[in-house]
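Peer 1: Below is the file data_18.csv, which contains CSV, C-alpha atoms and all ligand atoms.
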chain,number,residue,atom,x,y,z
F,15,MET,CA,0.0,0.0,0.0
F,16,ASN,CA,1.2,3.4,-0.9
F,17,ASP,CA,1.7,5.6,2.1
F,18,THR,CA,2.6,8.8,0.4
F,19,LYS,CA,1.3,11.5,2.7
F,20,SER,CA,1.4,14.3,0.2
F,21,LYS,CA,-1.1,13.0,-2.2
F,22,PRO,CA,-4.7,14.2,-1.9
F,23,VAL,CA,-7.1,11.6,-0.6
F,24,LEU,CA,-9.9,10.0,-2.7
F,25,LEU,CA,-12.6,7.8,-1.3
F,26,SER,CA,-15.5,6.0,-2.9
F,27,GLY,CA,-17.8,3.1,-2.2
F,28,ILE,CA,-20.4,0.8,-3.6
F,29,GLN,CA,-23.1,-1.2,-1.8
F,30,PRO,CA,-22.9,-5.0,-2.2
F,31,SER,CA,-26.4,-5.3,-3.5
F,32,GLY,CA,-27.7,-6.5,-6.9
F,33,ASN,CA,-25.3,-7.1,-9.7
F,34,LEU,CA,-22.4,-4.8,-10.6
F,35,MET,CA,-23.3,-3.4,-14.0
F,36,ILE,CA,-22.0,-1.2,-16.7
F,37,GLY,CA,-23.5,1.9,-15.2
F,38,ASN,CA,-21.5,1.4,-12.0
F,39,TYR,CA,-18.4,0.9,-14.1
F,40,ILE,CA,-18.9,4.0,-16.2
F,41,GLY,CA,-20.2,6.3,-13.4
F,42,ALA,CA,-17.8,5.2,-10.7
F,43,LEU,CA,-15.3,2.3,-11.1
F,44,LYS,CA,-13.7,3.6,-14.3
F,45,ASN,CA,-12.7,6.8,-12.6
F,46,TRP,CA,-11.5,5.0,-9.5
F,47,VAL,CA,-9.1,3.1,-11.7
F,48,ARG,CA,-8.0,6.2,-13.6
F,49,LEU,CA,-7.4,8.4,-10.5
F,50,GLN,CA,-5.4,5.7,-8.6
F,51,ASP,CA,-2.0,7.2,-9.3
F,52,GLU,CA,-2.8,10.8,-8.6
F,53,TYR,CA,-4.6,10.2,-5.2
F,54,GLU,CA,-4.2,8.2,-2.1
F,55,CYS,CA,-7.3,6.0,-2.7
F,56,LEU,CA,-9.6,4.2,-0.3
F,57,PHE,CA,-12.2,2.0,-1.9
F,58,VAL,CA,-14.8,0.7,0.5
F,59,LEU,CA,-17.5,-1.9,0.1
F,60,VAL,CA,-20.3,-0.4,2.1
F,61,ASP,CA,-22.0,-3.6,3.5
F,62,MET,CA,-23.6,-1.5,6.3
F,63,HIS,CA,-25.4,0.6,3.8
F,64,ALA,CA,-26.6,-2.6,2.0
F,65,ILE,CA,-28.6,-3.8,5.0
F,66,THR,CA,-30.9,-0.8,4.8
F,67,VAL,CA,-32.7,-3.1,2.4
F,68,ARG,CA,-33.3,-6.8,3.5
F,69,GLN,CA,-30.5,-9.1,2.3
F,70,LYS,CA,-30.2,-12.9,2.4
F,71,PRO,CA,-27.2,-13.4,4.7
F,72,ALA,CA,-25.6,-16.2,2.6
F,73,ASP,CA,-26.0,-14.1,-0.6
F,74,LEU,CA,-24.7,-11.0,1.0
F,75,ARG,CA,-21.6,-12.9,2.2
F,76,SER,CA,-20.7,-14.3,-1.2
F,77,ARG,CA,-21.6,-11.0,-3.0
F,78,CYS,CA,-19.1,-9.2,-0.9
F,79,PHE,CA,-16.3,-11.4,-2.3
F,80,ASP,CA,-17.8,-11.1,-5.8
F,81,PHE,CA,-17.7,-7.3,-5.7
F,82,ILE,CA,-14.2,-7.1,-4.3
F,83,ALA,CA,-13.0,-9.5,-7.0
F,84,LEU,CA,-14.7,-7.3,-9.6
F,85,TYR,CA,-13.1,-4.1,-8.2
F,86,LEU,CA,-9.7,-5.8,-8.8
F,87,ALA,CA,-10.7,-7.2,-12.2
F,88,CYS,CA,-11.7,-3.8,-13.4
F,89,GLY,CA,-8.3,-2.5,-12.5
F,90,ILE,CA,-8.2,-1.5,-8.9
F,91,ASP,CA,-4.6,-2.3,-7.8
F,92,PRO,CA,-4.4,-3.2,-4.1
F,93,LYS,CA,-0.7,-2.3,-4.1
F,94,LYS,CA,-1.7,1.3,-4.9
F,95,SER,CA,-5.0,1.6,-3.2
F,96,THR,CA,-6.7,0.5,0.1
F,97,VAL,CA,-9.6,-1.8,-0.5
F,98,PHE,CA,-11.7,-2.8,2.5
F,99,VAL,CA,-15.1,-3.6,3.9
F,100,GLN,CA,-17.0,-0.9,5.9
F,101,SER,CA,-18.1,-3.2,8.7
F,102,HIS,CA,-14.5,-4.2,9.4
F,103,VAL,CA,-13.7,-0.7,10.5
F,104,PRO,CA,-16.0,0.3,13.5
F,105,SER,CA,-15.1,4.0,13.3
F,106,HIS,CA,-17.6,4.4,10.4
F,107,ALA,CA,-20.5,3.7,12.7
F,108,GLU,CA,-18.9,5.6,15.6
F,109,LEU,CA,-18.4,8.8,13.6
F,110,MET,CA,-21.9,8.4,12.1
F,111,TRP,CA,-23.4,8.6,15.6
F,112,VAL,CA,-21.7,11.9,16.2
F,113,LEU,CA,-22.7,13.2,12.7
F,114,ASN,CA,-26.3,12.2,13.3
F,115,CYS,CA,-26.4,14.8,16.0
F,116,PHE,CA,-25.3,17.4,13.5
F,117,THR,CA,-27.8,16.5,10.8
F,118,TYR,CA,-31.4,17.8,10.7
F,119,MET,CA,-34.5,15.7,10.0
F,120,GLY,CA,-35.5,18.3,7.4
F,121,GLU,CA,-32.3,17.7,5.5
F,122,LEU,CA,-32.7,13.9,5.4
F,123,ASN,CA,-36.4,14.3,4.5
F,124,ARG,CA,-35.3,16.1,1.3
F,125,MET,CA,-33.0,13.3,0.0
F,126,THR,CA,-34.4,12.0,-3.2
F,127,GLN,CA,-32.8,8.5,-2.8
F,128,PHE,CA,-34.7,8.2,0.5
F,129,LYS,CA,-37.9,9.2,-1.1
F,130,ASP,CA,-37.4,6.7,-4.0
F,131,LYS,CA,-36.3,3.9,-1.8
F,132,SER,CA,-39.1,4.3,0.7
F,133,LYS,CA,-41.6,4.1,-2.2
F,134,ARG,CA,-39.9,1.0,-3.5
F,135,HIS,CA,-39.7,-0.7,-0.1
F,136,GLU,CA,-43.0,0.4,1.5
F,137,GLU,CA,-42.9,-2.6,3.8
F,138,ASN,CA,-39.6,-1.6,5.3
F,139,VAL,CA,-39.1,2.1,5.7
F,140,ASN,CA,-36.5,1.7,8.5
F,141,ALA,CA,-34.5,4.3,10.3
F,142,GLY,CA,-31.3,3.1,8.6
F,143,LEU,CA,-32.8,4.0,5.2
F,144,PHE,CA,-33.4,7.5,6.5
F,145,THR,CA,-30.0,8.1,8.1
F,146,TYR,CA,-28.1,6.3,5.2
F,147,PRO,CA,-26.6,9.6,4.0
F,148,VAL,CA,-25.1,10.3,7.4
F,149,LEU,CA,-23.2,7.0,7.3
F,150,MET,CA,-22.0,8.0,3.9
F,151,ALA,CA,-20.8,11.3,5.3
F,152,ALA,CA,-19.0,9.4,8.0
F,153,ASP,CA,-17.3,7.2,5.4
F,154,ILE,CA,-16.0,10.2,3.6
F,155,LEU,CA,-15.1,12.6,6.5
F,156,LEU,CA,-13.4,9.9,8.6
F,157,TYR,CA,-10.5,9.8,6.1
F,158,GLN,CA,-10.4,13.6,5.3
F,159,ALA,CA,-11.2,12.8,1.7
F,160,ASP,CA,-10.6,15.5,-0.9
F,161,LEU,CA,-12.4,13.9,-3.8
F,162,VAL,CA,-15.3,11.5,-4.1
F,163,PRO,CA,-15.9,10.0,-7.6
F,164,VAL,CA,-19.6,9.0,-7.9
F,165,GLY,CA,-22.4,9.0,-10.4
F,166,ALA,CA,-24.8,11.9,-10.7
F,167,ASP,CA,-27.4,10.3,-8.4
F,168,GLN,CA,-25.0,10.7,-5.4
F,169,LYS,CA,-24.5,14.5,-5.8
F,170,GLN,CA,-27.2,15.4,-3.3
F,171,HIS,CA,-25.6,13.1,-0.7
F,172,LEU,CA,-22.2,14.7,-1.3
F,173,GLU,CA,-23.8,18.2,-0.8
F,174,LEU,CA,-25.2,17.1,2.5
F,175,THR,CA,-21.8,15.7,3.5
F,176,ARG,CA,-20.2,19.1,2.8
F,177,ASP,CA,-22.9,20.8,4.8
F,178,ILE,CA,-22.4,18.6,7.8
F,179,ALA,CA,-18.6,19.0,7.6
F,180,GLU,CA,-18.9,22.8,7.4
F,181,ARG,CA,-21.4,22.9,10.2
F,182,PHE,CA,-19.1,20.9,12.5
F,183,ASN,CA,-16.0,23.0,11.5
F,184,ASN,CA,-17.9,26.2,12.1
F,185,GLU,CA,-18.8,25.1,15.6
F,186,PHE,CA,-15.5,23.4,16.7
F,187,GLY,CA,-12.9,24.8,14.4
F,188,GLU,CA,-11.2,23.0,11.4
F,189,THR,CA,-11.9,19.3,11.9
F,190,PHE,CA,-13.0,17.9,8.6
F,191,ARG,CA,-11.7,18.4,5.1
F,192,VAL,CA,-14.7,19.5,3.0
F,193,PRO,CA,-14.8,17.0,0.0
F,194,GLU,CA,-15.4,17.7,-3.6
F,195,PRO,CA,-17.6,15.4,-5.8
F,196,TYR,CA,-16.1,14.1,-9.0
F,197,ILE,CA,-19.0,13.4,-11.4
F,198,PRO,CA,-17.8,12.2,-14.9
F,199,PRO,CA,-18.6,14.4,-17.9
F,200,VAL,CA,-19.7,11.3,-19.9
F,201,GLY,CA,-21.9,8.6,-18.4
F,202,ALA,CA,-22.7,10.1,-15.0
F,203,ARG,CA,-26.2,8.7,-15.4
F,204,VAL,CA,-26.5,5.6,-17.6
F,205,MET,CA,-30.1,4.9,-18.3
F,206,SER,CA,-32.1,1.6,-18.3
F,207,LEU,CA,-32.1,-0.4,-21.5
F,208,GLN,CA,-35.8,-1.0,-21.5
F,209,ASP,CA,-36.9,2.3,-20.1
F,210,PRO,CA,-34.4,5.0,-21.0
F,211,THR,CA,-36.2,7.6,-18.9
F,212,ALA,CA,-35.2,5.6,-15.7
F,213,LYS,CA,-31.7,5.2,-14.3
F,214,MET,CA,-29.9,1.9,-15.0
F,215,SER,CA,-29.9,0.1,-11.6
F,216,LYS,CA,-27.9,-2.9,-10.4
F,217,SER,CA,-30.8,-3.9,-8.2
F,218,ASP,CA,-33.4,-3.8,-11.0
F,219,VAL,CA,-35.8,-6.8,-10.8
F,220,ASN,CA,-35.6,-7.0,-14.6
F,221,PRO,CA,-32.0,-7.9,-15.6
F,222,ARG,CA,-32.8,-6.9,-19.2
F,223,ASN,CA,-32.6,-3.3,-18.0
F,224,TYR,CA,-28.8,-3.5,-17.3
F,225,ILE,CA,-25.7,-5.1,-18.6
F,226,GLY,CA,-24.0,-7.0,-15.8
F,227,LEU,CA,-20.2,-7.0,-15.7
F,228,LEU,CA,-20.5,-10.7,-15.4
F,229,ASP,CA,-23.1,-11.2,-18.2
F,230,PRO,CA,-22.0,-13.9,-20.6
F,231,PRO,CA,-21.2,-12.4,-24.1
F,232,ASP,CA,-24.5,-13.6,-25.7
F,233,VAL,CA,-26.6,-12.3,-22.9
F,234,ALA,CA,-24.9,-8.9,-23.1
F,235,ARG,CA,-25.3,-8.9,-27.0
F,236,ASN,CA,-29.0,-9.7,-26.7
F,237,LYS,CA,-29.7,-7.1,-24.1
F,238,ILE,CA,-28.1,-4.4,-26.4
F,239,LYS,CA,-29.9,-5.6,-29.5
F,240,ARG,CA,-33.3,-5.5,-27.7
F,241,ALA,CA,-32.6,-2.2,-26.0
F,242,VAL,CA,-35.5,0.2,-26.5
F,243,THR,CA,-34.9,2.9,-29.1
F,244,ASP,CA,-37.4,5.5,-30.4
F,245,SER,CA,-39.0,5.4,-33.8
F,246,GLY,CA,-36.4,7.6,-35.5
F,247,ALA,CA,-33.8,6.0,-37.8
F,248,GLU,CA,-30.7,8.2,-37.3
F,249,VAL,CA,-28.0,7.4,-34.7
F,250,ALA,CA,-28.1,10.7,-32.7
F,251,TYR,CA,-27.2,12.3,-29.5
F,252,ASP,CA,-30.3,14.2,-28.7
F,253,GLU,CA,-32.1,14.5,-25.4
F,254,SER,CA,-35.5,14.2,-27.0
F,255,ARG,CA,-34.5,10.7,-28.1
F,256,PRO,CA,-33.3,9.1,-24.8
F,257,GLY,CA,-33.0,5.5,-26.0
F,258,ILE,CA,-30.5,6.0,-28.7
F,259,THR,CA,-28.7,8.8,-26.8
F,260,ASN,CA,-28.1,6.4,-23.9
F,261,LEU,CA,-26.6,3.8,-26.2
F,262,VAL,CA,-24.4,6.5,-27.8
F,263,SER,CA,-23.2,7.6,-24.4
F,264,ILE,CA,-22.4,4.0,-23.4
F,265,HIS,CA,-20.4,3.6,-26.6
F,266,SER,CA,-18.6,6.8,-25.9
F,267,ALA,CA,-17.7,5.9,-22.3
F,268,ILE,CA,-16.4,2.5,-23.3
F,269,SER,CA,-14.7,3.3,-26.6
F,270,GLY,CA,-13.4,6.7,-25.7
F,271,ASP,CA,-14.8,8.2,-29.0
F,272,SER,CA,-16.7,11.4,-28.8
F,273,TYR,CA,-20.5,11.6,-29.5
F,274,GLU,CA,-19.7,13.5,-32.7
F,275,VAL,CA,-17.3,10.9,-34.0
F,276,ILE,CA,-19.8,8.2,-33.2
F,277,THR,CA,-22.9,9.8,-34.7
F,278,ASP,CA,-20.9,10.9,-37.9
F,279,ARG,CA,-19.7,7.3,-38.3
F,280,TYR,CA,-23.3,6.0,-38.4
F,281,ALA,CA,-24.8,8.8,-40.5
F,282,GLY,CA,-27.3,7.1,-42.9
F,283,LYS,CA,-26.6,3.6,-41.4
F,284,GLY,CA,-29.5,3.1,-39.0
F,285,TYR,CA,-29.8,1.5,-35.6
F,286,ALA,CA,-29.2,-2.2,-36.4
F,287,GLN,CA,-25.5,-1.8,-37.5
F,288,PHE,CA,-24.9,0.6,-34.6
F,289,LYS,CA,-26.3,-1.8,-32.0
F,290,GLU,CA,-24.4,-4.7,-33.4
F,291,ASP,CA,-21.1,-2.8,-33.2
F,292,LEU,CA,-21.9,-1.5,-29.7
F,293,ALA,CA,-22.6,-5.1,-28.6
F,294,GLU,CA,-19.1,-6.1,-29.8
F,295,ILE,CA,-17.4,-3.2,-28.1
F,296,VAL,CA,-19.1,-4.1,-24.8
F,297,VAL,CA,-18.4,-7.8,-25.2
F,298,GLU,CA,-14.7,-7.1,-25.9
F,299,PHE,CA,-14.6,-4.8,-22.9
F,300,LEU,CA,-16.2,-7.5,-20.6
F,301,LYS,CA,-14.1,-10.4,-21.7
F,302,PRO,CA,-10.8,-9.6,-20.0
F,303,VAL,CA,-12.6,-8.3,-17.0
F,304,GLN,CA,-14.4,-11.6,-16.6
F,305,GLU,CA,-11.3,-13.6,-17.2
F,306,ARG,CA,-9.5,-11.7,-14.4
F,307,TYR,CA,-12.5,-12.0,-12.2
F,308,ASN,CA,-12.7,-15.8,-12.5
F,309,ASP,CA,-9.1,-16.0,-11.6
F,310,ILE,CA,-9.2,-13.6,-8.6
F,311,ARG,CA,-12.5,-14.9,-7.2
F,312,SER,CA,-11.2,-18.5,-7.1
F,313,SER,CA,-8.8,-17.6,-4.3
F,314,LYS,CA,-10.9,-16.6,-1.3
F,315,SER,CA,-8.0,-16.7,1.1
F,316,ASP,CA,-6.1,-14.2,-1.0
F,317,LEU,CA,-9.1,-11.9,-1.0
F,318,GLU,CA,-9.5,-12.3,2.8
F,319,GLN,CA,-5.9,-11.4,3.3
F,320,LEU,CA,-6.2,-8.3,1.1
F,321,LEU,CA,-9.3,-7.2,3.1
F,322,ASN,CA,-7.6,-7.7,6.4
F,323,ASP,CA,-4.7,-5.6,5.3
F,324,GLY,CA,-7.1,-3.0,3.9
F,325,ALA,CA,-9.1,-2.8,7.1
F,326,GLU,CA,-6.0,-2.5,9.2
F,327,HIS,CA,-4.7,0.4,7.1
F,328,ALA,CA,-8.1,2.1,7.0
F,329,PHE,CA,-8.5,1.8,10.7
F,330,ARG,CA,-5.2,3.4,11.4
F,331,ARG,CA,-5.9,6.2,8.9
F,332,GLY,CA,-9.2,7.0,10.5
F,333,ARG,CA,-8.1,6.9,14.1
F,334,LYS,CA,-6.7,10.4,14.1
F,335,THR,CA,-10.0,11.9,12.9
F,336,MET,CA,-12.0,10.0,15.5
F,337,SER,CA,-9.9,11.1,18.4
F,338,LYS,CA,-10.0,14.7,17.2
F,339,VAL,CA,-13.7,14.6,16.9
F,340,TYR,CA,-14.2,13.1,20.4
F,341,ARG,CA,-11.9,15.6,21.9
F,342,LYS,CA,-13.6,18.5,20.2
F,343,ILE,CA,-17.1,17.6,21.3
F,344,GLY,CA,-16.0,17.1,24.9
F,345,PHE,CA,-15.7,13.4,25.4
F,346,ILE,CA,-13.2,12.5,28.1
F,347,GLN,CA,-10.3,10.3,27.2
F,348,ARG,CA,-10.4,6.7,28.3
F,349,GLY,CA,-7.8,6.1,31.1
F,350,ARG,CA,-4.9,3.8,30.4
D,401,LIG,P1,-25.1,1.9,-6.4
D,401,LIG,O1,-25.4,1.0,-7.6
D,401,LIG,O2,-26.3,2.8,-6.1
D,401,LIG,O3,-24.6,1.2,-5.2
D,401,LIG,O4,-24.0,2.9,-6.9
D,401,LIG,C1,-22.6,2.7,-6.9
D,401,LIG,C2,-21.9,3.7,-7.7
D,401,LIG,O5,-22.3,3.6,-9.1
D,401,LIG,C3,-22.3,5.2,-7.3
D,401,LIG,O6,-21.1,6.0,-7.5
D,401,LIG,C4,-23.3,5.5,-8.3
D,401,LIG,O7,-23.4,6.9,-8.4
D,401,LIG,C5,-22.9,4.9,-9.5
D,401,LIG,N1,-24.0,4.5,-10.4
D,401,LIG,C6,-25.1,3.7,-10.1
D,401,LIG,N2,-26.0,3.7,-11.1
D,401,LIG,C7,-25.4,4.4,-12.1
D,401,LIG,C8,-25.9,4.8,-13.4
D,401,LIG,N3,-27.0,4.3,-13.9
D,401,LIG,N4,-25.1,5.6,-14.1
D,401,LIG,C9,-23.9,6.1,-13.6
D,401,LIG,N5,-23.5,5.8,-12.4
D,401,LIG,C10,-24.2,5.0,-11.6
D,402,LIG,N1,-24.4,5.9,-1.3
D,402,LIG,C1,-23.6,5.4,-2.3
D,402,LIG,C2,-24.4,4.8,-3.4
D,402,LIG,O1,-25.5,4.4,-3.2
D,402,LIG,C3,-22.6,4.4,-1.8
D,402,LIG,C4,-21.6,5.0,-0.8
D,402,LIG,C5,-21.7,4.8,0.5
D,402,LIG,C6,-20.6,5.9,-1.1
D,402,LIG,N2,-20.6,5.5,1.1
D,402,LIG,C7,-20.0,6.2,0.2
D,402,LIG,C8,-20.1,6.5,-2.2
D,402,LIG,C9,-18.9,7.1,0.3
D,402,LIG,C10,-19.0,7.4,-2.1
D,402,LIG,C11,-18.4,7.7,-0.9
D,402,LIG,O2,-23.9,4.6,-4.5
Take the structure from the file and write it as structure tokens.
Ligand code: AMP
Ligand code: TRP

Peer 2:
Amino acid sequence: MNDTKSKPVLLSGIQPSGNLMIGNYIGALKNWVRLQDEYECLFVLVDMHAITVRQKPADLRSRCFDFIALYLACGIDPKKSTVFVQSHVPSHAELMWVLNCFTYMGELNRMTQFKDKSKRHEENVNAGLFTYPVLMAADILLYQADLVPVGADQKQHLELTRDIAERFNNEFGETFRVPEPYIPPVGARVMSLQDPTAKMSKSDVNPRNYIGLLDPPDVARNKIKRAVTDSGAEVAYDESRPGITNLVSIHSAISGDSYEVITDRYAGKGYAQFKEDLAEIVVEFLKPVQERYNDIRSSKSDLEQLLNDGAEHAFRRGRKTMSKVYRKIGFIQRGR
């Protein structure tokens, strides 16, 4: 692990729920990989966030290993970055409690993810779902993160994190670094394949709405070919045509070609050829990721070792913030 103190700190996380999919890669993981050399990076699998929705324990357990193996298969290098599981570092929950006391009900009530999720899980609108953004703020502020790369849907949570940090700093003096979001210019909001007016989601009940990073080639190809496009014929990047525009942005994010280059290339060619080519680009991208994944996932003991080291490092990194916070709010030190 790289311990260079002078680099700015980057932190990001994903919940181990559903199936990691291409939207998570384009919106988040791709940038994690790209920014690894410039920042001291911490990548956390936020299992405590995942239980705000009921999970089957055995599935959650194996999914945690799946996700970590996929982080690595996508290019996260544990020699450069710290990879760990949230529940392995108790400071996240400890700091969250303190931050809960600096967050207002009204602020949490305004969170669109809370509103969406409480509609989707009417049978289980639990307090964890409500205070979820405070735990996220704790994840970030614990490590004095400068930059948080996320998809556009997390922008509101980042703004709340900044507000909480500033509120605490105003009251007690400089304690937390106020983090900046990093939202990618292309692909910050990849849309569902069957309903391009809704966000692509890894927890979607209909797997035809997303391309899983572990989808076999033929499955991925079919999902792209069957993706909903509007009745027009031209391959275009035009917000009034969300279906084709979404596919063009997926192409752009994976191939690196600009929207203009892509739409010019398909001028007069129609959707079928474009979809076929996009399917091949996606399959070629997935292949090496899946090969690396199969290799990494097969050695559970190596993954466990890596997560142990990661948790150890993260715990040490966060301890300074915790003791500063406890001191500032007036908790007495435990005797030796
Ligand atoms: P989640 O799937 O909600 O656990 O999100 C994990 C990360 O992927 C977060 O940084 C999200 O902002 C990002 N993300 C999730 N869905 C999308 C999407 N459809 N487009 C772009 N980024 C996404
Ligand atoms: N709330 C984020 C999501 O749903 C996941 C997350 C939890 C996170 N803690 C974080 C993202 C800290 C960035 C930084 O996608």

Peer 1: Dump the neighbourhood of ligand LIG 402 (chain D) as an MDAnalysis selection string: all residues within 7 Å, distances computed on only C-alpha atoms and all ligand atoms.

Peer 2: chainID F and resid 25:29 60 63 147 149:151 153:154 162:164 168

Peer 1: Give me, please, the distance in Å between CA of Val148 (chain F) and CA of Lys44 (chain F), quoted to one decimal.

Peer 2: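 According to the coordinates, CA of Val148 (chain F) and CA of Lys44 (chain F) are separated by 25.4 Å.
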
Peer 1: As a quick test: using only C-alpha atoms and all ligand atoms, which residues lie no more than 9 Å away from ligand LIG 401 (chain D)? Give them as a PyMOL selection string.

Peer 2: chain F and resi 26-43+60+64+162-169+197-198+201-206+212-217+224

Peer 1: Write out as a PyMOL selection string which residues come within 10 Å of Val296 (chain F) when counting all atoms listed in the file, dropping same-chain ones fewer than 5 positions away.

Peer 2: chain F and resi 36+225+227+231+234-235+238+264-265+268-269+291+301

Peer 1: Let me make sure I understand: among F:Gln158, F:Asn114, F:Thr66, F:Ser315, which one has the smallest atom-to-atom distance to Met336 (chain F) if we use all atoms listed in the file?

Peer 2: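 Answer, going by the shortest atom-to-atom distance: F:Gln158.
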
Peer 1: Of the residues F:Glu326, F:Glu180, F:Asp80, F:Asp73, which is the one nearest to Leu59 (chain F), using all atoms listed in the file?

Peer 2: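 Among F:Glu326, F:Glu180, F:Asp80, F:Asp73, it is F:Asp80 that comes nearest to Leu59 (chain F).
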
Peer 1: In Å, with one decimal, what is the gap from CA of Arg331 (chain F) to CA of Pro193 (chain F)?

Peer 2: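 Value for the CA of Arg331 (chain F)-CA of Pro193 (chain F) distance: 16.6 Å.
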
Peer 1: I'd like the contact shell of Lys94 (chain F) - 12 Å cut-off, all atoms listed in the file, skipping same-chain residues fewer than 4 positions apart - returned as a PyMOL selection string.

Peer 2: chain F and resi 15-18+46-57+86+89-90+324

Peer 1: What is the distance, in Å and to one decimal place, between CA of Gly257 (chain F) and CA of Gln208 (chain F)?

Peer 2: 8.4 Å

Peer 1: Which residue, F:Ala281, F:Val58, F:Ile65, F:Ala152, has the smallest gap to Val339 (chain F) when you use only C-alpha atoms?

Peer 2: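 Closest candidate: F:Ala152.
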
Peer 1: Select, from F:Leu228, F:Ala241, F:Leu321, F:Leu122, the residue with the minimum atom-to-atom distance to Ala87 (chain F), counting only C-alpha atoms.

Peer 2: F:Leu228

Peer 1: With distances taken over only C-alpha atoms, which residue among F:Val233, F:Val242, F:Met119, F:Leu24 lies nearest Leu155 (chain F)?

Peer 2: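 Going through F:Val233, F:Val242, F:Met119, F:Leu24 one by one, the smallest distance to Leu155 (chain F) is for F:Leu24.
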
Peer 1: So which residues are close to (-10.3, -2.7, 11.7), meaning at most 10 Å away in the file's coordinates with all atoms listed in the file counted, and can you show them as JSON, numbers by chain?

Peer 2: {"F": [98, 99, 100, 101, 102, 103, 104, 105, 321, 322, 323, 324, 325, 326, 327, 328, 329, 330, 332]}

Peer 1: Out of F:Leu317, F:Asn184, F:Asp232, F:Gln69, which residue has the shortest atom-to-atom distance to Ala293 (chain F) when counting all atoms listed in the file?

Peer 2: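 Comparing F:Leu317, F:Asn184, F:Asp232, F:Gln69 against Ala293 (chain F), the winner is F:Asp232.
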